[in-house]
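For reference, target16.cif (mmCIF, C-alpha atoms):
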```cif
data_final
#
loop_
_atom_site.label_atom_id
_atom_site.label_comp_id
_atom_site.auth_asym_id
_atom_site.auth_seq_id
_atom_site.Cartn_x
_atom_site.Cartn_y
_atom_site.Cartn_z
CA MET A 12 137.48 123.05 83.46
CA GLY A 13 137.11 124.78 80.09
CA ALA A 14 139.54 124.76 77.19
CA LYS A 15 140.67 128.31 77.90
CA ALA A 16 141.44 127.62 81.57
CA GLU A 17 143.22 124.37 80.69
CA THR A 18 145.32 126.23 78.13
CA TRP A 19 146.34 128.84 80.70
CA LEU A 20 147.24 126.08 83.16
CA TRP A 21 149.45 124.57 80.46
CA ILE A 22 151.09 127.92 79.76
CA ALA A 23 151.60 128.50 83.50
CA GLN A 24 153.21 125.08 83.88
CA ARG A 25 155.59 125.61 80.96
CA ALA A 26 156.50 129.14 82.09
CA SER A 27 157.11 127.98 85.68
CA ALA A 28 159.25 125.12 84.30
CA VAL A 29 161.52 127.66 82.61
CA LEU A 30 161.83 129.56 85.91
CA LEU A 31 162.47 126.32 87.79
CA ALA A 32 165.27 125.34 85.42
CA VAL A 33 167.10 128.55 86.31
CA CYS A 34 166.24 128.46 90.02
CA VAL A 35 167.18 124.79 90.53
CA LEU A 36 170.51 125.39 88.80
CA ALA A 37 171.29 128.43 91.00
CA HIS A 38 170.17 126.49 94.09
CA LEU A 39 172.43 123.53 93.23
CA LEU A 40 175.40 125.80 92.56
CA THR A 41 174.81 127.45 95.95
CA ILE A 42 174.76 124.04 97.67
CA ILE A 43 177.95 122.94 95.87
CA TYR A 44 179.64 126.23 96.85
CA ALA A 45 178.61 125.81 100.51
CA MET A 46 179.80 122.18 100.61
CA ARG A 47 183.12 122.84 98.87
CA HIS A 48 183.92 125.71 101.17
CA GLY A 49 182.86 123.77 104.24
CA LEU A 50 180.42 126.45 105.37
CA SER A 51 178.75 125.75 108.71
CA GLY A 52 175.06 126.39 109.35
CA ALA A 53 175.99 129.56 111.20
CA ALA A 54 178.16 130.75 108.30
CA ILE A 55 175.33 130.16 105.85
CA LEU A 56 172.84 132.00 108.07
CA GLU A 57 175.30 134.89 108.36
CA ARG A 58 175.14 135.23 104.56
CA THR A 59 171.35 134.84 104.23
CA ARG A 60 170.21 137.07 107.15
CA GLY A 61 169.04 140.41 105.79
CA ASN A 62 169.93 139.35 102.22
CA ALA A 63 167.04 140.85 100.22
CA VAL A 64 168.32 139.41 96.93
CA GLY A 65 168.36 135.93 98.46
CA LEU A 66 164.84 136.37 99.81
CA ALA A 67 163.59 137.62 96.43
CA PHE A 68 165.26 134.70 94.65
CA TYR A 69 163.83 132.05 96.94
CA SER A 70 160.39 133.71 96.93
CA LEU A 71 160.42 133.41 93.14
CA PHE A 72 161.62 129.80 93.43
CA VAL A 73 158.78 129.01 95.84
CA LEU A 74 156.25 130.68 93.55
CA ALA A 75 157.45 128.62 90.57
CA ILE A 76 157.13 125.41 92.63
CA ALA A 77 153.67 126.37 93.92
CA VAL A 78 152.50 126.89 90.34
CA HIS A 79 154.28 123.98 88.67
CA ALA A 80 153.84 121.08 91.07
CA PRO A 81 150.04 121.17 91.61
CA ILE A 82 149.34 121.37 87.87
CA GLY A 83 151.44 118.26 87.25
CA LEU A 84 149.98 116.51 90.29
CA ARG A 85 146.49 117.34 89.00
CA THR A 86 147.23 115.60 85.69
CA LEU A 87 148.61 112.57 87.54
CA CYS A 88 145.46 112.37 89.66
CA GLN A 89 143.29 112.60 86.55
CA GLU A 90 145.15 109.96 84.59
CA TRP A 91 146.16 107.47 87.29
CA LEU A 92 143.29 107.79 89.76
CA GLY A 93 140.51 108.88 87.39
CA TRP A 94 139.84 111.78 89.74
CA ARG A 95 138.26 114.41 87.50
CA SER A 96 135.66 116.13 89.65
CA ALA A 97 135.75 119.77 90.79
CA SER A 98 137.02 118.58 94.18
CA LEU A 99 140.37 117.84 92.49
CA ASN A 100 140.78 121.51 91.53
CA TRP A 101 140.03 122.64 95.07
CA CYS A 102 142.43 120.09 96.48
CA MET A 103 145.20 121.20 94.10
CA ALA A 104 144.54 124.84 94.97
CA ALA A 105 145.08 123.86 98.61
CA VAL A 106 148.32 122.04 97.68
CA ALA A 107 149.48 125.17 95.83
CA ALA A 108 148.65 127.40 98.81
CA ALA A 109 150.41 125.03 101.22
CA LEU A 110 153.55 124.80 99.04
CA PHE A 111 153.62 128.58 98.73
CA ALA A 112 153.06 129.21 102.45
CA PHE A 113 155.56 126.61 103.73
CA GLY A 114 158.11 127.61 101.10
CA LEU A 115 157.89 131.29 101.97
CA ARG A 116 158.09 130.45 105.66
CA ALA A 117 161.35 128.61 105.02
CA ALA A 118 162.74 131.47 102.91
CA TRP A 119 161.74 133.98 105.60
CA ALA A 120 163.26 131.83 108.37
CA VAL A 121 166.76 132.15 106.93
CA PHE A 122 166.27 135.84 106.10
CA ALA A 123 164.84 137.30 109.33
CA MET B 10 156.26 71.81 56.01
CA ASP B 11 156.90 74.42 58.70
CA MET B 12 153.81 75.20 60.69
CA LEU B 13 153.07 78.46 62.44
CA GLN B 14 151.50 78.40 65.89
CA VAL B 15 149.06 81.32 65.67
CA SER B 16 147.37 82.48 68.83
CA VAL B 17 144.26 84.48 67.95
CA TRP B 18 141.90 86.39 70.23
CA ARG B 19 138.41 84.91 70.04
CA GLY B 20 135.19 86.29 71.49
CA ALA B 21 134.41 89.72 72.80
CA ALA B 22 135.97 91.46 75.80
CA SER B 23 135.50 88.30 77.90
CA GLY B 24 137.03 85.94 75.33
CA GLY B 25 140.42 84.27 75.20
CA TYR B 26 143.20 83.16 72.85
CA ARG B 27 142.83 80.09 70.65
CA THR B 28 145.79 78.55 68.86
CA TYR B 29 145.71 77.50 65.19
CA GLU B 30 148.31 75.74 63.08
CA VAL B 31 148.92 77.47 59.79
CA PRO B 32 151.37 76.34 57.05
CA ARG B 33 154.29 78.73 56.86
CA GLN B 34 155.03 80.11 53.41
CA GLU B 35 157.46 82.47 51.81
CA SER B 36 156.48 86.18 51.64
CA GLN B 37 153.47 85.47 53.85
CA SER B 38 151.73 88.43 55.44
CA VAL B 39 149.94 88.32 58.78
CA LEU B 40 146.72 89.07 56.89
CA ASP B 41 147.38 85.94 54.78
CA VAL B 42 147.60 83.97 58.02
CA VAL B 43 144.32 85.34 59.38
CA THR B 44 142.62 84.73 56.03
CA TYR B 45 143.91 81.13 55.97
CA ILE B 46 142.45 80.49 59.41
CA GLN B 47 139.08 81.93 58.44
CA ARG B 48 138.85 80.16 55.06
CA SER B 49 140.45 76.82 55.86
CA ILE B 50 140.14 76.16 59.60
CA ASP B 51 137.46 78.21 61.34
CA PRO B 52 134.93 80.19 59.26
CA THR B 53 133.47 81.79 62.40
CA LEU B 54 136.56 83.98 62.83
CA SER B 55 135.66 87.65 62.31
CA TYR B 56 138.20 90.17 61.03
CA ARG B 57 138.22 93.20 58.80
CA PHE B 58 140.16 93.98 55.64
CA ALA B 59 139.60 95.52 52.23
CA CYS B 60 142.44 96.53 49.91
CA ARG B 61 145.25 94.16 51.08
CA VAL B 62 147.89 96.60 49.80
CA GLY B 63 148.22 99.24 52.54
CA MET B 64 145.79 101.78 51.13
CA CYS B 65 142.62 101.42 53.20
CA GLY B 66 143.84 100.89 56.77
CA ALA B 67 141.05 98.43 57.58
CA CYS B 68 143.22 95.45 58.59
CA ALA B 69 145.07 96.99 61.53
CA MET B 70 145.44 94.55 64.45
CA THR B 71 147.75 93.95 67.37
CA VAL B 72 150.50 91.56 66.31
CA ASN B 73 152.76 90.29 69.11
CA GLY B 74 151.66 93.24 71.23
CA VAL B 75 152.26 95.93 68.60
CA ALA B 76 149.57 97.63 66.48
CA ARG B 77 150.27 97.09 62.78
CA TRP B 78 148.71 96.85 59.36
CA THR B 79 148.51 93.07 58.95
CA CYS B 80 148.59 93.31 55.14
CA ARG B 81 151.97 95.03 55.18
CA THR B 82 153.51 92.95 57.94
CA HIS B 83 155.50 89.93 56.84
CA VAL B 84 155.32 86.89 59.10
CA ALA B 85 159.11 86.62 58.81
CA LYS B 86 159.43 90.06 60.37
CA VAL B 87 157.33 89.41 63.47
CA ALA B 88 157.23 85.65 64.15
CA GLN B 89 159.04 84.60 67.29
CA GLY B 90 160.29 81.22 66.15
CA ASN B 91 157.08 79.88 64.66
CA ALA B 92 154.73 81.71 67.04
CA ILE B 93 152.54 84.74 66.42
CA GLN B 94 149.92 86.30 68.64
CA ILE B 95 147.14 88.28 66.95
CA ALA B 96 144.71 90.45 68.90
CA PRO B 97 142.31 93.27 68.06
CA LEU B 98 143.47 96.89 68.23
CA ALA B 99 143.74 98.23 71.79
CA ASN B 100 141.85 101.26 73.13
CA LEU B 101 138.74 100.48 71.06
CA PRO B 102 135.58 98.59 72.06
CA LEU B 103 135.63 95.02 70.79
CA VAL B 104 132.80 93.80 68.55
CA LYS B 105 134.00 90.22 68.06
CA ASP B 106 137.33 88.40 67.59
CA LEU B 107 139.59 90.82 65.68
CA VAL B 108 136.91 93.39 64.84
CA THR B 109 136.82 96.61 66.83
CA ASP B 110 134.17 99.31 66.91
CA MET B 111 135.78 102.35 65.26
CA ARG B 112 132.90 104.76 65.91
CA GLU B 113 134.48 106.55 68.87
CA PHE B 114 137.73 106.89 66.93
CA PHE B 115 136.02 108.69 64.03
CA ASP B 116 133.61 110.62 66.27
CA LYS B 117 136.71 112.15 67.82
CA TRP B 118 137.82 113.41 64.40
CA ALA B 119 134.49 115.23 64.22
CA ARG B 120 134.91 116.53 67.80
CA ALA B 121 138.35 117.86 66.86
CA ARG B 122 136.65 119.78 64.04
CA GLY B 123 138.25 117.56 61.43
CA GLN B 124 135.89 118.85 58.75
CA PHE B 125 137.15 121.38 56.21
CA VAL B 126 135.15 124.62 56.48
CA PRO B 127 135.46 126.63 53.26
CA SER B 128 136.08 130.36 53.63
CA ALA B 129 135.27 131.09 49.96
CA THR B 130 132.33 130.29 47.70
CA ARG B 131 132.25 128.70 44.26
CA HIS B 132 131.96 132.14 42.73
CA GLU B 133 135.44 133.10 43.82
CA ASP B 134 138.66 132.16 42.12
CA PHE B 135 140.70 129.11 43.16
CA ALA B 136 142.96 129.63 46.15
CA ARG B 137 146.57 129.48 45.08
CA VAL B 138 148.70 127.88 47.75
CA ALA B 139 152.44 127.83 47.09
CA SER B 140 153.77 124.31 47.57
CA ASP B 141 156.73 125.62 49.58
CA SER B 142 154.70 127.91 51.88
CA PRO B 143 155.12 127.00 55.59
CA GLY B 144 151.42 126.15 56.05
CA ARG B 145 151.37 123.89 53.02
CA VAL B 146 154.56 122.12 54.14
CA ALA B 147 153.12 121.59 57.64
CA ALA B 148 149.82 120.29 56.24
CA ASN B 149 151.65 117.99 53.79
CA ALA B 150 153.45 116.31 56.68
CA GLY B 151 150.18 114.92 58.05
CA ILE B 152 147.78 114.84 55.13
CA GLU B 153 148.44 111.20 54.09
CA CYS B 154 146.73 109.73 57.17
CA ILE B 155 144.21 107.04 56.16
CA GLY B 156 142.61 106.61 59.58
CA CYS B 157 143.74 103.06 60.34
CA GLY B 158 143.76 103.61 64.12
CA VAL B 159 147.29 102.23 64.72
CA CYS B 160 148.38 105.47 66.45
CA TYR B 161 145.21 105.56 68.57
CA ALA B 162 145.69 101.95 69.67
CA SER B 163 149.34 102.68 70.54
CA CYS B 164 148.65 105.81 72.61
CA ASP B 165 149.11 105.53 76.39
CA VAL B 166 147.14 108.73 76.99
CA VAL B 167 144.05 107.27 75.26
CA SER B 168 144.25 104.29 77.62
CA TRP B 169 144.36 106.62 80.64
CA ASN B 170 141.90 109.24 79.45
CA SER B 171 139.02 107.87 77.39
CA GLY B 172 137.96 111.36 76.39
CA TYR B 173 141.34 112.17 74.80
CA LEU B 174 140.89 112.96 71.11
CA GLY B 175 143.96 110.95 70.16
CA PRO B 176 146.83 111.38 67.70
CA ALA B 177 144.93 110.88 64.44
CA ALA B 178 142.15 113.39 65.17
CA LEU B 179 144.66 115.97 66.40
CA ASN B 180 146.88 115.38 63.38
CA ARG B 181 143.86 115.99 61.15
CA ALA B 182 143.05 119.21 63.04
CA TRP B 183 146.65 120.38 62.58
CA THR B 184 146.50 119.88 58.80
CA LEU B 185 143.38 122.08 58.72
CA VAL B 186 144.86 124.71 61.03
CA ASN B 187 147.56 125.06 58.37
CA ASP B 188 145.10 125.18 55.48
CA VAL B 189 144.84 128.84 54.44
CA ARG B 190 141.50 128.14 52.73
CA ASP B 191 139.87 126.96 55.96
CA GLY B 192 137.54 129.31 57.82
CA ALA B 193 137.16 127.65 61.24
CA ARG B 194 140.62 128.08 62.76
CA ARG B 195 139.41 129.68 66.00
CA GLU B 196 136.68 127.10 66.66
CA ARG B 197 139.09 124.28 65.83
CA LEU B 198 141.77 125.54 68.22
CA ALA B 199 139.15 125.79 70.98
CA ALA B 200 137.99 122.24 70.18
CA VAL B 201 141.48 120.74 70.46
CA ALA B 202 142.58 122.60 73.61
CA GLY B 203 142.38 121.22 77.12
CA ASP B 204 142.38 117.92 78.98
CA ALA B 205 140.77 115.97 76.12
CA GLY B 206 142.91 117.66 73.48
CA CYS B 207 146.49 118.49 72.63
CA HIS B 208 147.47 119.47 76.18
CA ALA B 209 146.95 115.91 77.40
CA CYS B 210 149.74 114.55 75.14
CA HIS B 211 152.82 113.40 77.08
CA THR B 212 155.04 113.19 73.99
CA HIS B 213 155.63 109.45 74.45
CA LEU B 214 155.97 109.28 70.63
CA SER B 215 154.37 105.83 70.32
CA CYS B 216 152.06 107.20 67.60
CA SER B 217 154.97 108.56 65.57
CA GLU B 218 156.99 105.38 66.10
CA ARG B 219 154.22 103.07 64.89
CA CYS B 220 152.45 105.08 62.17
CA PRO B 221 152.65 102.90 59.03
CA LYS B 222 152.63 106.09 56.93
CA ASN B 223 155.57 107.57 58.84
CA ILE B 224 153.48 110.54 59.91
CA ALA B 225 154.51 112.23 63.17
CA PRO B 226 151.30 113.09 65.04
CA THR B 227 153.47 114.14 67.99
CA ALA B 228 154.84 117.01 65.90
CA ALA B 229 151.30 117.96 64.86
CA ILE B 230 150.19 117.97 68.51
CA ALA B 231 153.19 120.12 69.48
CA GLY B 232 152.18 122.52 66.70
CA LEU B 233 148.63 122.64 68.07
CA LYS B 234 149.96 123.38 71.58
CA ARG B 235 151.90 126.35 70.20
CA ALA B 236 148.99 127.61 68.09
CA VAL B 237 146.53 127.27 70.99
CA ALA B 238 148.90 129.04 73.40
CA ILE B 239 149.35 131.93 70.97
CA ALA B 240 145.57 132.14 70.44
CA ALA B 241 145.00 132.19 74.22
CA TRP B 242 147.64 134.89 74.63
CA LYS B 243 145.90 137.02 71.99
CA GLY B 244 142.50 136.43 73.61
CA GLU B 245 141.26 134.54 70.53
CA LEU B 246 140.42 131.26 72.26
#
```
Reformat the file's structure so that it appears as structure tokens.
Amino acid sequence: MGAKAETWLWIAQRASAVLLAVCVLAHLLTIIYAMRHGLSGAAILERTRGNAVGLAFYSLFVLAIAVHAPIGLRTLCQEWLGWRSASLNWCMAAVAAALFAFGLRAAWAVFA
Amino acid sequence: MDMLQVSVWRGAASGGYRTYEVPRQESQSVLDVVTYIQRSIDPTLSYRFACRVGMCGACAMTVNGVARWTCRTHVAKVAQGNAIQIAPLANLPLVKDLVTDMREFFDKWARARGQFVPSATRHEDFARVASDSPGRVAANAGIECIGCGVCYASCDVVSWNSGYLGPAALNRAWTLVNDVRDGARRERLAAVAGDAGCHACHTHLSCSERCPKNIAPTAAIAGLKRAVAIAAWKGEL
């Protein structure tokens, strides 16, 4: 991959890290709130069903994960396994697509 | 007389350690120890040195697992009891004993566009660079590198990624990126971007920790990452 593409991957990973910092914090606060208030699964679903803001937030969260994780995993594969062929990029694109699809499916499941 | 037990790497990549007994003396440097072995015990020992006073960077070796200038390392500082282990620098091909092949190290300086490219001719006036200008200050921070290879031998990323340009070459590129007289900024930023360049650095800081000149190549690499990102954003890469 060329210098320009590598640079954009680096920018994408740093930008998604900033998003993740915010999203993970909000996610943790939500979990702590639910635990402290003893919310049941049904009570949580009652709050998430039809909640467009929640869906938008978790869609963004999923997007940040789908961008961030495969770029880091790609570097690990290069450095620890010596895997540097084009097949690595295709494989990581598949990982990104899978993370995005499964993540969105989960976000949709508690919304619809 | 106190005797040092000095374990020295002998042979090429397939060699092994051999132990020598060397008289311990006051204010003795590790280079003194290696020189004693070569001149008084085993003349077949190969090693490299020149100035003996920390100016040339030729005598860098791995002492008790850490890359150092042997001329500026006192035995008293590193000996564990009376034992010292001396090996060639890591991350470089071994020629023989304590001598490494530095070609790849310096070729990477060239690959990082470490050459100054003048933007003016001899017919123009001297460039006047204020000593407190930000570019001059940034260049000053890295300009004293003498190319000893200690940072390169200490870098984990070089050991994982043989194509990685390494801290010294990237530090050199950063000094030139900050040189207002230089005319190859764009080409240099393109040369240091990517998997073999500044983006491969994991900020482990081993280079900055071990640089005998107290240079911080990690800061230079971070500067390159910023400069490259800005160039990419502006479509100049």
Check: which chain B residues lie within 7 Å of chain A using all atoms listed in the file, as number ranges by chain: B: 169-170, 199, 202-204, 208, 238, 241, 246
Selection dump of the PyMOL selection byres ((chain B and resi 156-161) around 9), as a PDB file with C-alpha atoms, in the coordinates of the input:
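Wrote it out as out-v1.pdb, contents follow:
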```
ATOM      1  CA  CYS B  65     142.620 101.420  53.200  1.00  0.00           C
ATOM      2  CA  GLY B  66     143.840 100.890  56.770  1.00  0.00           C
ATOM      3  CA  ALA B  67     141.050  98.430  57.580  1.00  0.00           C
ATOM      4  CA  CYS B  68     143.220  95.450  58.590  1.00  0.00           C
ATOM      5  CA  ALA B  69     145.070  96.990  61.530  1.00  0.00           C
ATOM      6  CA  MET B  70     145.440  94.550  64.450  1.00  0.00           C
ATOM      7  CA  THR B  71     147.750  93.950  67.370  1.00  0.00           C
ATOM      8  CA  VAL B  75     152.260  95.930  68.600  1.00  0.00           C
ATOM      9  CA  ALA B  76     149.570  97.630  66.480  1.00  0.00           C
ATOM     10  CA  ARG B  77     150.270  97.090  62.780  1.00  0.00           C
ATOM     11  CA  TRP B  78     148.710  96.850  59.360  1.00  0.00           C
ATOM     12  CA  LEU B  98     143.470  96.890  68.230  1.00  0.00           C
ATOM     13  CA  ALA B  99     143.740  98.230  71.790  1.00  0.00           C
ATOM     14  CA  ASN B 100     141.850 101.260  73.130  1.00  0.00           C
ATOM     15  CA  LEU B 101     138.740 100.480  71.060  1.00  0.00           C
ATOM     16  CA  MET B 111     135.780 102.350  65.260  1.00  0.00           C
ATOM     17  CA  PHE B 114     137.730 106.890  66.930  1.00  0.00           C
ATOM     18  CA  PHE B 115     136.020 108.690  64.030  1.00  0.00           C
ATOM     19  CA  CYS B 154     146.730 109.730  57.170  1.00  0.00           C
ATOM     20  CA  ILE B 155     144.210 107.040  56.160  1.00  0.00           C
ATOM     21  CA  ALA B 162     145.690 101.950  69.670  1.00  0.00           C
ATOM     22  CA  SER B 163     149.340 102.680  70.540  1.00  0.00           C
ATOM     23  CA  CYS B 164     148.650 105.810  72.610  1.00  0.00           C
ATOM     24  CA  ASP B 165     149.110 105.530  76.390  1.00  0.00           C
ATOM     25  CA  VAL B 167     144.050 107.270  75.260  1.00  0.00           C
ATOM     26  CA  LEU B 174     140.890 112.960  71.110  1.00  0.00           C
ATOM     27  CA  GLY B 175     143.960 110.950  70.160  1.00  0.00           C
ATOM     28  CA  PRO B 176     146.830 111.380  67.700  1.00  0.00           C
ATOM     29  CA  ALA B 177     144.930 110.880  64.440  1.00  0.00           C
ATOM     30  CA  ALA B 178     142.150 113.390  65.170  1.00  0.00           C
ATOM     31  CA  SER B 215     154.370 105.830  70.320  1.00  0.00           C
ATOM     32  CA  CYS B 216     152.060 107.200  67.600  1.00  0.00           C
ATOM     33  CA  SER B 217     154.970 108.560  65.570  1.00  0.00           C
ATOM     34  CA  GLU B 218     156.990 105.380  66.100  1.00  0.00           C
ATOM     35  CA  ARG B 219     154.220 103.070  64.890  1.00  0.00           C
ATOM     36  CA  CYS B 220     152.450 105.080  62.170  1.00  0.00           C
ATOM     37  CA  PRO B 221     152.650 102.900  59.030  1.00  0.00           C
ATOM     38  CA  PRO B 226     151.300 113.090  65.040  1.00  0.00           C
TER      39      PRO B 226
END
```
Proximity to Ser23 in chain B - best of B:Arg57, B:Arg120, B:Lys105, B:Arg194, all atoms listed in the file: B:Lys105
Asp188 in chain B surroundings by all atoms listed in the file, 7 Å radius, close-in-sequence under 4 positions cut, as a list in words: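 So the residues in contact are Gly144, Arg145, Ala148 and Thr184 of chain B.
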Produce a file of the selected residues containing C-alpha atoms, as a compact mmCIF listing (two decimals), in the frame of the given file.
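The resulting file, out-v7.txt, is shown below:
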```
# COMPACT_ATOMS: atom_id res chain seq x y z
CA GLY B 144 151.42 126.15 56.05
CA ARG B 145 151.37 123.89 53.02
CA ALA B 148 149.82 120.29 56.24
CA THR B 184 146.50 119.88 58.80
```
Residue members of the PyMOL selection byres ((chain A and resi 28) around 12) in the file shown, as number ranges by chain: A: 21-27, 29-35, 72, 74-80, 82-83
Name the residues captured by the PyMOL selection byres ((chain B and resi 123-129) around 7) when it is applied to the shown file; answer as an mmCIF file with C-alpha atoms, keeping the file's coordinate frame.
```
data_model
loop_
_atom_site.group_PDB
_atom_site.id
_atom_site.type_symbol
_atom_site.label_atom_id
_atom_site.label_comp_id
_atom_site.auth_asym_id
_atom_site.auth_seq_id
_atom_site.Cartn_x
_atom_site.Cartn_y
_atom_site.Cartn_z
ATOM 1 C CA TRP B 118 137.820 113.410 64.400
ATOM 2 C CA ALA B 119 134.490 115.230 64.220
ATOM 3 C CA ALA B 121 138.350 117.860 66.860
ATOM 4 C CA ARG B 122 136.650 119.780 64.040
ATOM 5 C CA THR B 130 132.330 130.290 47.700
ATOM 6 C CA ARG B 131 132.250 128.700 44.260
ATOM 7 C CA GLU B 133 135.440 133.100 43.820
ATOM 8 C CA ALA B 178 142.150 113.390 65.170
ATOM 9 C CA ARG B 181 143.860 115.990 61.150
ATOM 10 C CA ALA B 182 143.050 119.210 63.040
ATOM 11 C CA LEU B 185 143.380 122.080 58.720
ATOM 12 C CA ARG B 190 141.500 128.140 52.730
ATOM 13 C CA ASP B 191 139.870 126.960 55.960
ATOM 14 C CA GLY B 192 137.540 129.310 57.820
ATOM 15 C CA ALA B 193 137.160 127.650 61.240
#
```
Residues near Ile42 in chain A, cut-off 12 Å, only C-alpha atoms, skip fewer than 6 positions along chain, as a PyMOL selection string: chain A and resi 35-36+48-52+55
Straight-line distance linking CA of Gln34 in chain B with CA of Val72 in chain B, stated in Å to one decimal: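 Separation between CA of Gln34 in chain B and CA of Val72 in chain B: 17.8 Å.
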Ala120 in chain A surroundings by only C-alpha atoms, 10 Å radius, close-in-sequence under 2 positions cut, as a list of chain:residue names: A:Leu56, A:Thr59, A:Arg60, A:Leu66, A:Gly114, A:Leu115, A:Arg116, A:Ala117, A:Ala118, A:Phe122, A:Ala123
Given all atoms listed in the file as the counted atoms, nearest of A:Ile43, A:Ala37, A:Leu84, A:Met103 to Tyr69 in chain A: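 Result for the nearest residue to Tyr69 in chain A: A:Ala37.
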Long-range neighbours of Gly25 in chain B as a list in words, 10 Å cut-off, only C-alpha atoms, 4 positions minimum in chain: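 Once the nearby chain positions are removed, what remains is Ser16, Val17, Trp18, Arg19, Gly20, Ala21, Ala96 and Asp106 of chain B.
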Residue nearest Phe111 in chain A - candidates A:Leu87, A:Val73, A:Leu40, A:Val64, atoms counted: all atoms listed in the file: A:Val73
Residues within 7 Å of Cys207 in chain B, all atoms listed in the file, excluding chain neighbours under 4 positions, as a PyMOL selection string: chain B and resi 179+201-203+230+233-234
Point-to-point distance from CA of Gly24 in chain B to CA of Ile93 in chain B, Å rounded to tenths: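 Straight-line distance from CA of Gly24 in chain B to CA of Ile93 in chain B works out to 17.9 Å.
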Using all atoms listed in the file: which of B:Ala22, B:Cys60, B:Cys80, B:Met12 has the shortest distance to Leu40 in chain B: B:Cys80
Length of the CA of Asn223 in chain B to CA of Val62 in chain B vector [Å]: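 Spanning CA of Asn223 in chain B to CA of Val62 in chain B is a straight-line distance of 16.2 Å.
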Adding 4 Å on each side of the box along x, y and z that holds all listed atoms of range 117-123 of chain A, could you give its centre and edge lengths in Å to one decimal, as lines of an AutoDock Vina configuration file?
```
center_x = 164.1
center_y = 133.0
center_z = 106.1
size_x = 13.4
size_y = 16.7
size_z = 14.4
```
